[in-house]
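File shown here: coords22.txt, holding compact mmCIF, N, CA and C atoms and all ligand atoms.
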# COMPACT_ATOMS: atom_id res chain seq x y z
N MET K 1 -1.89 -17.47 3.91
CA MET K 1 -2.11 -16.07 4.26
C MET K 1 -2.73 -15.33 3.08
N LEU K 2 -3.71 -14.50 3.38
CA LEU K 2 -4.36 -13.67 2.36
C LEU K 2 -4.10 -12.20 2.68
N ILE K 3 -3.54 -11.50 1.72
CA ILE K 3 -3.29 -10.07 1.88
C ILE K 3 -4.25 -9.31 0.98
N GLN K 4 -4.97 -8.37 1.58
CA GLN K 4 -5.88 -7.56 0.78
C GLN K 4 -5.65 -6.08 1.05
N MET K 5 -5.73 -5.30 0.00
CA MET K 5 -5.76 -3.84 0.14
C MET K 5 -7.05 -3.39 -0.49
N ILE K 6 -7.75 -2.50 0.21
CA ILE K 6 -9.05 -2.03 -0.27
C ILE K 6 -9.03 -0.51 -0.30
N ASN K 7 -9.06 0.04 -1.50
CA ASN K 7 -9.05 1.50 -1.70
C ASN K 7 -7.99 2.18 -0.84
N THR K 8 -6.79 1.63 -0.89
CA THR K 8 -5.73 2.06 0.02
C THR K 8 -4.93 3.23 -0.56
N THR K 9 -4.79 4.25 0.27
CA THR K 9 -4.07 5.46 -0.13
C THR K 9 -3.06 5.82 0.95
N LYS K 10 -1.89 6.29 0.55
CA LYS K 10 -0.92 6.82 1.52
C LYS K 10 -0.39 8.15 0.98
N THR K 11 -0.61 9.18 1.76
CA THR K 11 -0.06 10.48 1.40
C THR K 11 0.98 10.89 2.44
N TYR K 12 1.92 11.66 2.01
CA TYR K 12 2.93 12.23 2.90
C TYR K 12 2.80 13.75 2.86
N GLY K 13 3.10 14.38 3.95
CA GLY K 13 3.15 15.83 4.00
C GLY K 13 1.78 16.47 4.15
N LYS K 14 1.77 17.78 4.16
CA LYS K 14 0.54 18.54 4.34
C LYS K 14 0.18 19.27 3.05
N VAL K 15 -0.99 19.91 3.11
CA VAL K 15 -1.65 20.45 1.92
C VAL K 15 -0.71 20.93 0.80
N GLU K 16 0.12 21.91 1.10
CA GLU K 16 0.90 22.53 0.02
C GLU K 16 2.05 21.65 -0.49
N SER K 17 2.42 20.65 0.32
CA SER K 17 3.51 19.76 -0.10
C SER K 17 3.04 18.29 -0.13
N LEU K 18 1.74 18.09 -0.39
CA LEU K 18 1.16 16.75 -0.35
C LEU K 18 1.71 15.85 -1.46
N VAL K 19 2.14 14.65 -1.06
CA VAL K 19 2.58 13.65 -2.04
C VAL K 19 1.66 12.44 -1.92
N GLU K 20 1.01 12.08 -3.00
CA GLU K 20 0.18 10.88 -3.01
C GLU K 20 1.07 9.72 -3.45
N ALA K 21 1.68 9.04 -2.48
CA ALA K 21 2.65 7.99 -2.79
C ALA K 21 1.95 6.74 -3.33
N VAL K 22 0.81 6.40 -2.73
CA VAL K 22 -0.04 5.29 -3.20
C VAL K 22 -1.46 5.82 -3.24
N LYS K 23 -2.10 5.67 -4.39
CA LYS K 23 -3.41 6.30 -4.57
C LYS K 23 -4.47 5.26 -4.91
N ASN K 24 -5.34 5.01 -3.94
CA ASN K 24 -6.55 4.20 -4.15
C ASN K 24 -6.26 2.85 -4.82
N ILE K 25 -5.42 2.06 -4.14
CA ILE K 25 -5.05 0.74 -4.66
C ILE K 25 -5.92 -0.34 -4.02
N SER K 26 -6.44 -1.24 -4.84
CA SER K 26 -7.12 -2.42 -4.33
C SER K 26 -6.47 -3.65 -4.95
N LEU K 27 -6.16 -4.63 -4.11
CA LEU K 27 -5.55 -5.86 -4.62
C LEU K 27 -5.78 -6.99 -3.62
N SER K 28 -5.55 -8.19 -4.11
CA SER K 28 -5.71 -9.37 -3.28
C SER K 28 -4.61 -10.35 -3.65
N ILE K 29 -3.84 -10.79 -2.65
CA ILE K 29 -2.76 -11.74 -2.89
C ILE K 29 -3.03 -12.98 -2.05
N ASN K 30 -3.19 -14.08 -2.72
CA ASN K 30 -3.54 -15.33 -2.05
C ASN K 30 -2.30 -16.16 -1.71
N GLU K 31 -2.46 -17.04 -0.76
CA GLU K 31 -1.44 -18.02 -0.40
C GLU K 31 -0.93 -18.69 -1.68
N GLY K 32 0.38 -18.74 -1.83
CA GLY K 32 0.96 -19.41 -2.99
C GLY K 32 1.12 -18.53 -4.22
N ASP K 33 0.52 -17.33 -4.19
CA ASP K 33 0.70 -16.41 -5.32
C ASP K 33 2.15 -15.93 -5.36
N TYR K 34 2.64 -15.72 -6.54
CA TYR K 34 3.98 -15.17 -6.74
C TYR K 34 3.79 -13.80 -7.39
N VAL K 35 4.18 -12.75 -6.68
CA VAL K 35 3.85 -11.39 -7.12
C VAL K 35 5.10 -10.55 -7.23
N ALA K 36 5.22 -9.81 -8.30
CA ALA K 36 6.30 -8.83 -8.44
C ALA K 36 5.69 -7.43 -8.44
N VAL K 37 6.39 -6.50 -7.81
CA VAL K 37 5.96 -5.10 -7.83
C VAL K 37 6.99 -4.33 -8.63
N ARG K 38 6.56 -3.72 -9.70
CA ARG K 38 7.50 -2.95 -10.51
C ARG K 38 6.93 -1.57 -10.84
N GLY K 39 7.84 -0.68 -11.12
CA GLY K 39 7.43 0.69 -11.42
C GLY K 39 8.64 1.60 -11.31
N SER K 40 8.54 2.76 -11.90
CA SER K 40 9.68 3.68 -11.91
C SER K 40 9.96 4.20 -10.51
N SER K 41 11.13 4.78 -10.34
CA SER K 41 11.53 5.33 -9.05
C SER K 41 10.53 6.39 -8.59
N GLY K 42 10.06 6.24 -7.37
CA GLY K 42 9.11 7.20 -6.82
C GLY K 42 7.66 6.85 -7.08
N SER K 43 7.41 5.70 -7.70
CA SER K 43 6.03 5.34 -8.05
C SER K 43 5.26 4.74 -6.87
N GLY K 44 5.96 4.46 -5.75
CA GLY K 44 5.26 4.04 -4.54
C GLY K 44 5.46 2.60 -4.12
N LYS K 45 6.43 1.91 -4.70
CA LYS K 45 6.66 0.48 -4.40
C LYS K 45 6.98 0.26 -2.91
N THR K 46 7.94 1.00 -2.40
CA THR K 46 8.35 0.82 -1.00
C THR K 46 7.20 1.17 -0.05
N THR K 47 6.48 2.23 -0.37
CA THR K 47 5.33 2.63 0.45
C THR K 47 4.28 1.52 0.45
N LEU K 48 4.00 0.97 -0.71
CA LEU K 48 3.02 -0.12 -0.83
C LEU K 48 3.44 -1.32 0.02
N LEU K 49 4.68 -1.75 -0.12
CA LEU K 49 5.16 -2.93 0.61
C LEU K 49 5.22 -2.68 2.11
N SER K 50 5.56 -1.46 2.51
CA SER K 50 5.64 -1.18 3.95
C SER K 50 4.25 -1.19 4.59
N MET K 51 3.22 -0.83 3.83
CA MET K 51 1.85 -0.94 4.35
C MET K 51 1.43 -2.41 4.44
N MET K 52 1.79 -3.20 3.43
CA MET K 52 1.49 -4.63 3.48
C MET K 52 2.15 -5.30 4.67
N ALA K 53 3.36 -4.84 5.01
CA ALA K 53 4.12 -5.44 6.11
C ALA K 53 3.68 -4.89 7.46
N GLY K 54 2.80 -3.89 7.45
CA GLY K 54 2.32 -3.30 8.71
C GLY K 54 3.28 -2.29 9.30
N LEU K 55 4.24 -1.85 8.53
CA LEU K 55 5.22 -0.88 9.03
C LEU K 55 4.71 0.55 8.94
N GLN K 56 3.74 0.75 8.05
CA GLN K 56 3.11 2.07 7.92
C GLN K 56 1.60 1.88 7.82
N HIS K 57 0.87 2.83 8.35
CA HIS K 57 -0.58 2.78 8.26
C HIS K 57 -1.05 3.59 7.05
N PRO K 58 -2.07 3.10 6.35
CA PRO K 58 -2.60 3.88 5.24
C PRO K 58 -3.26 5.17 5.73
N THR K 59 -3.24 6.19 4.90
CA THR K 59 -3.96 7.42 5.18
C THR K 59 -5.45 7.19 5.00
N ASP K 60 -5.78 6.34 4.04
CA ASP K 60 -7.19 6.02 3.76
C ASP K 60 -7.25 4.58 3.25
N GLY K 61 -8.40 3.96 3.42
CA GLY K 61 -8.57 2.58 2.97
C GLY K 61 -8.04 1.58 3.98
N LYS K 62 -7.95 0.33 3.55
CA LYS K 62 -7.63 -0.74 4.48
C LYS K 62 -6.53 -1.67 3.96
N VAL K 63 -5.80 -2.25 4.91
CA VAL K 63 -4.91 -3.38 4.62
C VAL K 63 -5.38 -4.51 5.54
N LEU K 64 -5.76 -5.63 4.95
CA LEU K 64 -6.25 -6.77 5.71
C LEU K 64 -5.31 -7.96 5.53
N ILE K 65 -4.96 -8.59 6.62
CA ILE K 65 -4.19 -9.84 6.58
C ILE K 65 -5.11 -10.92 7.14
N ASP K 66 -5.42 -11.91 6.33
CA ASP K 66 -6.39 -12.94 6.72
C ASP K 66 -7.65 -12.31 7.28
N GLU K 67 -8.15 -11.32 6.54
CA GLU K 67 -9.45 -10.65 6.85
C GLU K 67 -9.38 -9.74 8.07
N ILE K 68 -8.21 -9.60 8.69
CA ILE K 68 -8.09 -8.77 9.89
C ILE K 68 -7.27 -7.52 9.58
N SER K 69 -7.78 -6.36 10.02
CA SER K 69 -7.06 -5.12 9.72
C SER K 69 -6.09 -4.73 10.84
N1 LIG O 101 8.89 9.38 4.36
C1 LIG O 101 8.50 10.09 3.30
N2 LIG O 101 8.15 11.39 3.43
C2 LIG O 101 7.73 12.12 2.37
N3 LIG O 101 7.63 11.63 1.11
C3 LIG O 101 7.97 10.35 0.92
C4 LIG O 101 8.43 9.51 2.00
N4 LIG O 101 8.69 8.26 1.48
C5 LIG O 101 8.40 8.33 0.18
N5 LIG O 101 7.99 9.57 -0.18
C6 LIG O 101 7.56 10.01 -1.52
O1 LIG O 101 6.51 9.13 -1.92
C7 LIG O 101 6.63 8.79 -3.30
C8 LIG O 101 6.79 7.26 -3.42
O2 LIG O 101 8.03 6.88 -2.83
P1 LIG O 101 8.48 5.35 -2.67
O3 LIG O 101 9.74 5.39 -1.90
O4 LIG O 101 7.34 4.56 -2.13
O5 LIG O 101 8.73 4.94 -4.20
P2 LIG O 101 9.56 3.70 -4.80
O6 LIG O 101 8.73 3.19 -5.94
O7 LIG O 101 9.89 2.73 -3.71
O8 LIG O 101 10.89 4.41 -5.36
P3 LIG O 101 12.36 3.75 -5.59
O9 LIG O 101 12.25 2.87 -6.82
O10 LIG O 101 13.24 4.95 -5.83
O11 LIG O 101 12.73 2.98 -4.34
C9 LIG O 101 7.83 9.57 -3.83
O12 LIG O 101 7.33 10.78 -4.39
C10 LIG O 101 8.65 9.85 -2.57
O13 LIG O 101 9.40 11.04 -2.70
MG MG O 102 11.70 1.92 -3.01
This structure in structure tokens:
Amino acid sequence: MLIQMINTTKTYGKVESLVEAVKNISLSINEGDYVAVRGSSGSGKTTLLSMMAGLQHPTDGKVLIDEIS
């Protein structure tokens, strides 16, 4: 399985209360890769993983699993 994110962004809320949880991330994870996601609380780890898992849709950009969005 190949997981790709291309210029992926996820924001929550509207203009005056906008939170950029994940901002313009691009990455590629290949079959057999061992990956850790680390960062301080609120840096967007759960949001990132939930988009990879297809539980949330990005506000902008793409998440591709085996080249399919
Ligand atoms: N459902 C939501 N609605 C509004 N804002 C949210 C929502 N989920 C997360 N956020 C905000 O998005 C940002 C990233 O949150 P996220 O939960 O992805 O971070 P995290 O790295 O997983 O944090 P933690 O280490 O505390 O689990 C934070 O500012 C958070 O307050
Ligand atoms: Mg989290």
- Message: For a quick check of your reading of the model, name the residues lying within 12 Å of the coordinate (6.4, -8.6, -8.0), counting only C-alpha atoms, and write them as a list in words.
- Response: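 Result, sorted by chain then residue number: Ile29, Asp33, Tyr34, Val35, Ala36, Val37, Arg38, Gly39, Lys45, Thr46, Leu48 and Leu49 of chain K.
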- Item | Surrounding residues as number ranges by chain, ligand MG 102 (chain O), max 8 Å, all atoms listed in the file | K: 41-47
- So how many Å separate CA of Ser50 (chain K) and atom C7 of ligand LIG 101 (chain O), to one decimal? 12.4 Å
- Suppose you want the space between atom C of Val19 (chain K) and atom P2 of ligand LIG 101 (chain O); what is it in Å?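 Rounded to one decimal, the two atoms are 12.1 Å apart.
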- Message: Ranking K:Ser40, K:Ile68, K:Val63, K:Gly54 by minimum distance to Met5 (chain K) and counting only N, CA and C atoms, which one comes first?
- Response: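 So, comparing all the options, the nearest one is K:Val63.
Considering the residues K:Ile3, K:Ile25, K:Gly32, K:Tyr12 and counting only N, CA and C atoms, Gly61 (chain K) has its shortest atom-to-atom contact with K:Ile25.
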- Query: Nearest to ligand LIG 101 (chain O): which of K:Ile65, K:Ala21, K:Leu55, K:Leu27 is it, counting all atoms listed in the file?
  - Reply: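 So, comparing all the options, the nearest one is K:Ala21.
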